[in-house]
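S.K.: Following this message is one structure expressed as structure tokens.
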Amino acid sequence: MSLELLEKQIKTGDFANLYVLYGEEDYLKTFYCKRITAKAVTDFESFNLQHYDGTPDMAQLAAAVNNLPLMSPRKCVVLRDADPQGMKAGDWKELQGVIKLLPPECILIFHFDAVKPNPKKDARFKSLLTMAQKNGLAVEIKAPSHRDLLSFVAKRAKAGGCEIDAETGDYLIETCGDGMNNLACELDKVCARAGGGKISREHIDAVAIKPMTSSIYDLARAVIAGRLDMGMSIIDELFYKKEEPVIILSALSSAFCDLYRAKAAAISGAGESRVVADFNYHGREFRIRNAFRDCRNVDIGFLTECLRLLMRADGRIKGTRADKRMVLEQLMVEINVAKQNGRAH
């Protein structure tokens, strides 16, 4: 509802004085922040639009907020990643005072980008949300649904002089991940490669760079298929990219949890939608769809053994001085042996 209200306010120009933009999807937070400032600040942007990163000097912020706009009905002040939880007590108190006395000519925007506050745990952020709900608008921007991502990809491709069908759009999302910033960047490269016309998988494979999460799903597929050579090659690539071993193992464990949930659901007769609802895969439905596909010929006992091996490797990486790369490579061998022996525990 708050996002719909924000859209309406941007369309009509009837803005509140305070906005708090937070949530999972960084691309959309930046998108809406820019839409507010572009509509609200029509003249003398260098004076009427001011940005601060992190916690600003409170005296400077008070001056920026209270100075009248120059030949414009409004001015905007954007605070990017001004984290209330990390502020000194004095700064937090002054910031609350600034918010309570916002002049009608000023729009103050809190844009949480790299900082991801927790509304349930962060007391100061909860107070900020309360102030926004009373005197402005707090908008939680969640990860888009898969359908919304496909629509975004199609529109972005069209803007780049290309077209992309739903199946190829699925492949792009599977390859590049569901983060909209990365999708936008990679799709622009793909459009340049395609040079207009219809985008194919070959265009995507030629230039798109996979994020670590996509490489991890390739790694999971390789090991459940018994492709030890491919698994080792992917680990080599991840280390070349300087990915942290703990992060690699965590992502791999997450991929195997997807597979286990999908297999258990398939055995019990539950469908993809049930898993999406029960384990909150909203906006990441493609992960479960792919897991149902990849686990089709895999025994649940083998997946159980994989989870046990992953948990043991996690203990070795975090709790011992063992060489972390060796731990991951040994894990690949152990999973491969379990695959060959049909072990189930």
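Chain labels A, B, ... are given in the sequence in which chains occur in the structure tokens; within each chain residues are numbered consecutively from 1, and ligands are likewise numbered from 1 in the order shown.
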I want to know what sits within 8 Å of segment 36-48 of chain A, based on only C-alpha atoms, with residues of the same chain fewer than 4 positions away left out; could you give that as a list in words?
M.R.: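 Non-adjacent residues within range: Ile10, Gly13, Phe15, Tyr32, Pro69, Leu70, Met71, Ser72, Arg74, Lys75 and Cys76 of chain A.
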S.K.: Would you save the residues of that selection, restricted to N, CA and C atoms, as a PDB file, in the first residue's frame?
M.R.:
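After the write, part.pdb holds the following:
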ATOM      1  N   ILE A  10       4.231  10.734  -6.422  1.00  0.00           N
ATOM      2  CA  ILE A  10       5.164  11.134  -7.481  1.00  0.00           C
ATOM      3  C   ILE A  10       4.395  11.613  -8.707  1.00  0.00           C
ATOM      4  N   GLY A  13       2.660  14.975  -7.618  1.00  0.00           N
ATOM      5  CA  GLY A  13       3.539  15.997  -7.069  1.00  0.00           C
ATOM      6  C   GLY A  13       3.136  16.456  -5.684  1.00  0.00           C
ATOM      7  N   PHE A  15       3.773  15.843  -2.435  1.00  0.00           N
ATOM      8  CA  PHE A  15       4.753  15.109  -1.640  1.00  0.00           C
ATOM      9  C   PHE A  15       4.584  15.335  -0.146  1.00  0.00           C
ATOM     10  N   TYR A  32      13.304   4.924  -6.939  1.00  0.00           N
ATOM     11  CA  TYR A  32      12.253   5.772  -6.381  1.00  0.00           C
ATOM     12  C   TYR A  32      12.817   7.030  -5.744  1.00  0.00           C
ATOM     13  N   PRO A  69      14.438  27.138  -0.395  1.00  0.00           N
ATOM     14  CA  PRO A  69      14.841  26.755  -1.752  1.00  0.00           C
ATOM     15  C   PRO A  69      15.063  27.987  -2.621  1.00  0.00           C
ATOM     16  N   LEU A  70      15.906  27.856  -3.643  1.00  0.00           N
ATOM     17  CA  LEU A  70      16.222  28.956  -4.542  1.00  0.00           C
ATOM     18  C   LEU A  70      15.321  28.899  -5.763  1.00  0.00           C
ATOM     19  N   MET A  71      14.436  29.877  -5.884  1.00  0.00           N
ATOM     20  CA  MET A  71      13.542  30.016  -7.048  1.00  0.00           C
ATOM     21  C   MET A  71      12.831  28.699  -7.375  1.00  0.00           C
ATOM     22  N   SER A  72      12.380  28.025  -6.353  1.00  0.00           N
ATOM     23  CA  SER A  72      11.687  26.753  -6.503  1.00  0.00           C
ATOM     24  C   SER A  72      10.779  26.578  -5.291  1.00  0.00           C
ATOM     25  N   ARG A  74      10.226  23.887  -3.701  1.00  0.00           N
ATOM     26  CA  ARG A  74      10.701  22.831  -2.794  1.00  0.00           C
ATOM     27  C   ARG A  74      12.187  22.585  -2.975  1.00  0.00           C
ATOM     28  N   LYS A  75      12.762  21.973  -1.947  1.00  0.00           N
ATOM     29  CA  LYS A  75      14.121  21.461  -2.024  1.00  0.00           C
ATOM     30  C   LYS A  75      14.131  20.064  -1.410  1.00  0.00           C
ATOM     31  N   CYS A  76      15.148  19.247  -1.763  1.00  0.00           N
ATOM     32  CA  CYS A  76      15.270  17.888  -1.241  1.00  0.00           C
ATOM     33  C   CYS A  76      16.630  17.707  -0.573  1.00  0.00           C
TER      34      CYS A  76
END
S.K.: Enumerate, in order of chain and increasing residue number, the residues of segment 131-245 of chain A with an atom no farther than 10 Å from segment 325-338 of chain A, each with its shortest atom pair and distance in Å to one decimal, counting only C-alpha atoms, as CSV.
M.R.:
residue,atom,partner,partner_atom,distance
A:Leu219,CA,A:Met332,CA,9.4
A:Ala220,CA,A:Met332,CA,9.8
A:Ala222,CA,A:Asn336,CA,9.7
A:Val223,CA,A:Asn336,CA,6.4
A:Ile224,CA,A:Asn336,CA,7.7
A:Ala225,CA,A:Asn336,CA,8.7
A:Gly226,CA,A:Asn336,CA,5.6
A:Arg227,CA,A:Asn336,CA,7.8
A:Leu228,CA,A:Asn336,CA,6.5
A:Asp229,CA,A:Met332,CA,9.6
A:Gly231,CA,A:Met332,CA,7.0
A:Met232,CA,A:Glu329,CA,6.8
A:Ile235,CA,A:Glu329,CA,7.8
A:Asp236,CA,A:Arg325,CA,9.1
A:Phe239,CA,A:Arg325,CA,8.2
A:Glu244,CA,A:Arg325,CA,9.8
A:Pro245,CA,A:Arg325,CA,6.9
S.K.: Counting only C-alpha atoms, what is within 10 Å of Leu259 of chain A, bar same-chain residues fewer than 4 positions away, as a list in words?
M.R.: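 Neighbouring residues, sequence-local ones excluded: Ala220, Arg221, Ser253, Ser254, Ala255, Lys263, Ala264, Ala265, Arg287, Ile288, Arg289, Asn290, Ala291, Phe292, Arg293, Asp294, Cys295, Arg296, Val298, Ile300 and Leu303 of chain A.
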S.K.: Got a sec: who's within 9 Å of Gly160 of chain A, counting only C-alpha atoms, leaving out chain neighbours fewer than 6 positions off, as an MDAnalysis selection string?
M.R.: chainID A and resid 187:188 191:192 195:196
S.K.: Emit the selected residues as a PDB file, in the first residue's frame, including N, CA and C atoms.
M.R.:
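Final file, again.pdb:
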ATOM      1  N   LEU A 187      22.239  -7.060 -18.654  1.00  0.00           N
ATOM      2  CA  LEU A 187      21.344  -6.995 -19.808  1.00  0.00           C
ATOM      3  C   LEU A 187      21.787  -5.916 -20.791  1.00  0.00           C
ATOM      4  N   ASP A 188      22.308  -4.808 -20.287  1.00  0.00           N
ATOM      5  CA  ASP A 188      22.819  -3.757 -21.176  1.00  0.00           C
ATOM      6  C   ASP A 188      23.973  -4.305 -22.028  1.00  0.00           C
ATOM      7  N   CYS A 191      22.466  -6.659 -24.651  1.00  0.00           N
ATOM      8  CA  CYS A 191      21.834  -5.900 -25.737  1.00  0.00           C
ATOM      9  C   CYS A 191      22.888  -5.372 -26.711  1.00  0.00           C
ATOM     10  N   ALA A 192      23.996  -4.886 -26.156  1.00  0.00           N
ATOM     11  CA  ALA A 192      25.078  -4.398 -27.024  1.00  0.00           C
ATOM     12  C   ALA A 192      25.638  -5.537 -27.865  1.00  0.00           C
ATOM     13  N   GLY A 195      23.127  -6.416 -30.592  1.00  0.00           N
ATOM     14  CA  GLY A 195      23.090  -5.398 -31.641  1.00  0.00           C
ATOM     15  C   GLY A 195      21.704  -5.156 -32.211  1.00  0.00           C
ATOM     16  N   GLY A 196      20.690  -5.303 -31.375  1.00  0.00           N
ATOM     17  CA  GLY A 196      19.315  -5.158 -31.837  1.00  0.00           C
ATOM     18  C   GLY A 196      18.718  -6.509 -32.194  1.00  0.00           C
TER      19      GLY A 196
END
S.K.: Can you list, as a PyMOL selection string, all residues belonging to segment 13-77 of chain A that DSSP tags as strand (DSSP E)?
M.R.: chain A and resi 18-23+49-53+75-77
S.K.: From the DSSP assignment of the backbone, select every residue of segment 120-311 of chain A that is alpha helix (DSSP H), and format the answer as a PyMOL selection string.
M.R.: chain A and resi 123-135+146-159+166-176+180-194+201-207+212-224+228-240+245-268+272-278+285-294+300-311
S.K.: Excluding same-chain residues fewer than 4 positions from Lys241 of chain A, what lies within 12 Å of it counting only C-alpha atoms, as JSON, numbers by chain?
M.R.: {"A": [209, 210, 211, 212, 215, 234, 235, 236, 237, 245, 248]}
S.K.: If you keep N, CA and C atoms, can you produce a file of those selected residues as a short mmCIF file (atom, residue, chain, number, x, y, z; two decimals), in the first residue's frame?
M.R.:
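Listing of result-v3.cif after writing:
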data_model
loop_
_atom_site.label_atom_id
_atom_site.label_comp_id
_atom_site.auth_asym_id
_atom_site.auth_seq_id
_atom_site.Cartn_x
_atom_site.Cartn_y
_atom_site.Cartn_z
N ILE A 209 28.28 -12.07 -16.96
CA ILE A 209 29.13 -12.59 -15.89
C ILE A 209 28.25 -13.12 -14.78
N LYS A 210 28.48 -14.35 -14.39
CA LYS A 210 27.67 -14.95 -13.34
C LYS A 210 28.10 -14.44 -11.97
N PRO A 211 27.14 -14.06 -11.11
CA PRO A 211 27.50 -13.78 -9.72
C PRO A 211 27.81 -15.09 -9.01
N MET A 212 28.34 -14.99 -7.80
CA MET A 212 28.74 -16.19 -7.09
C MET A 212 27.56 -17.16 -6.89
N SER A 215 27.09 -19.35 -9.84
CA SER A 215 28.17 -20.34 -9.91
C SER A 215 27.97 -21.45 -8.89
N ILE A 234 34.90 -25.23 -10.89
CA ILE A 234 34.11 -24.10 -10.39
C ILE A 234 34.71 -23.56 -9.10
N ILE A 235 35.17 -24.45 -8.21
CA ILE A 235 35.83 -24.00 -6.98
C ILE A 235 37.09 -23.21 -7.32
N ASP A 236 37.83 -23.68 -8.30
CA ASP A 236 39.04 -22.98 -8.73
C ASP A 236 38.69 -21.57 -9.22
N GLU A 237 37.60 -21.46 -9.97
CA GLU A 237 37.17 -20.16 -10.49
C GLU A 237 36.73 -19.24 -9.35
N PRO A 245 35.85 -18.49 1.40
CA PRO A 245 35.44 -19.90 1.55
C PRO A 245 34.18 -20.08 2.40
N ILE A 248 31.28 -19.22 0.25
CA ILE A 248 31.06 -20.28 -0.74
C ILE A 248 30.30 -21.44 -0.10
#
S.K.: Between atom CA of Ile173 of chain A and atom CA of Leu149 of chain A, what is the distance in Å, rounded to a tenth?
M.R.: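 Separating atom CA of Ile173 of chain A from atom CA of Leu149 of chain A is a distance of 8.1 Å.
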S.K.: A:Ala262, A:Ala89, A:Ile267, A:Ala82: which is nearest Val20 of chain A, counting only C-alpha atoms?
M.R.: A:Ala82
S.K.: Within 9 Å of Arg156 of chain A, counting only C-alpha atoms, which residues qualify if same-chain residues fewer than 5 places away don't, as a list in words?
M.R.: Ser151, Gly161, Cys162, Glu163, Ala184, Leu187 and Asp188 of chain A
S.K.: Excluding same-chain residues fewer than 6 positions from segment 133-137 of chain A, what lies within 12 Å of it counting only C-alpha atoms, as an NGL selection string?
M.R.: :A and (1-7 or 9 or 14-22 or 99-104 or 106-110 or 126-127)
S.K.: Pick out the closest residue to Glu25 of chain A from this set: A:Ile204, A:Met180, A:Ala138, A:Ile164. Count only C-alpha atoms.
M.R.: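 So, comparing all the options, the nearest one is A:Met180.
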S.K.: Just to confirm, what's the straight-line distance from atom CA of Asp148 of chain A to atom CA of Asp178 of chain A in Å (one decimal)?
M.R.: 10.7 Å
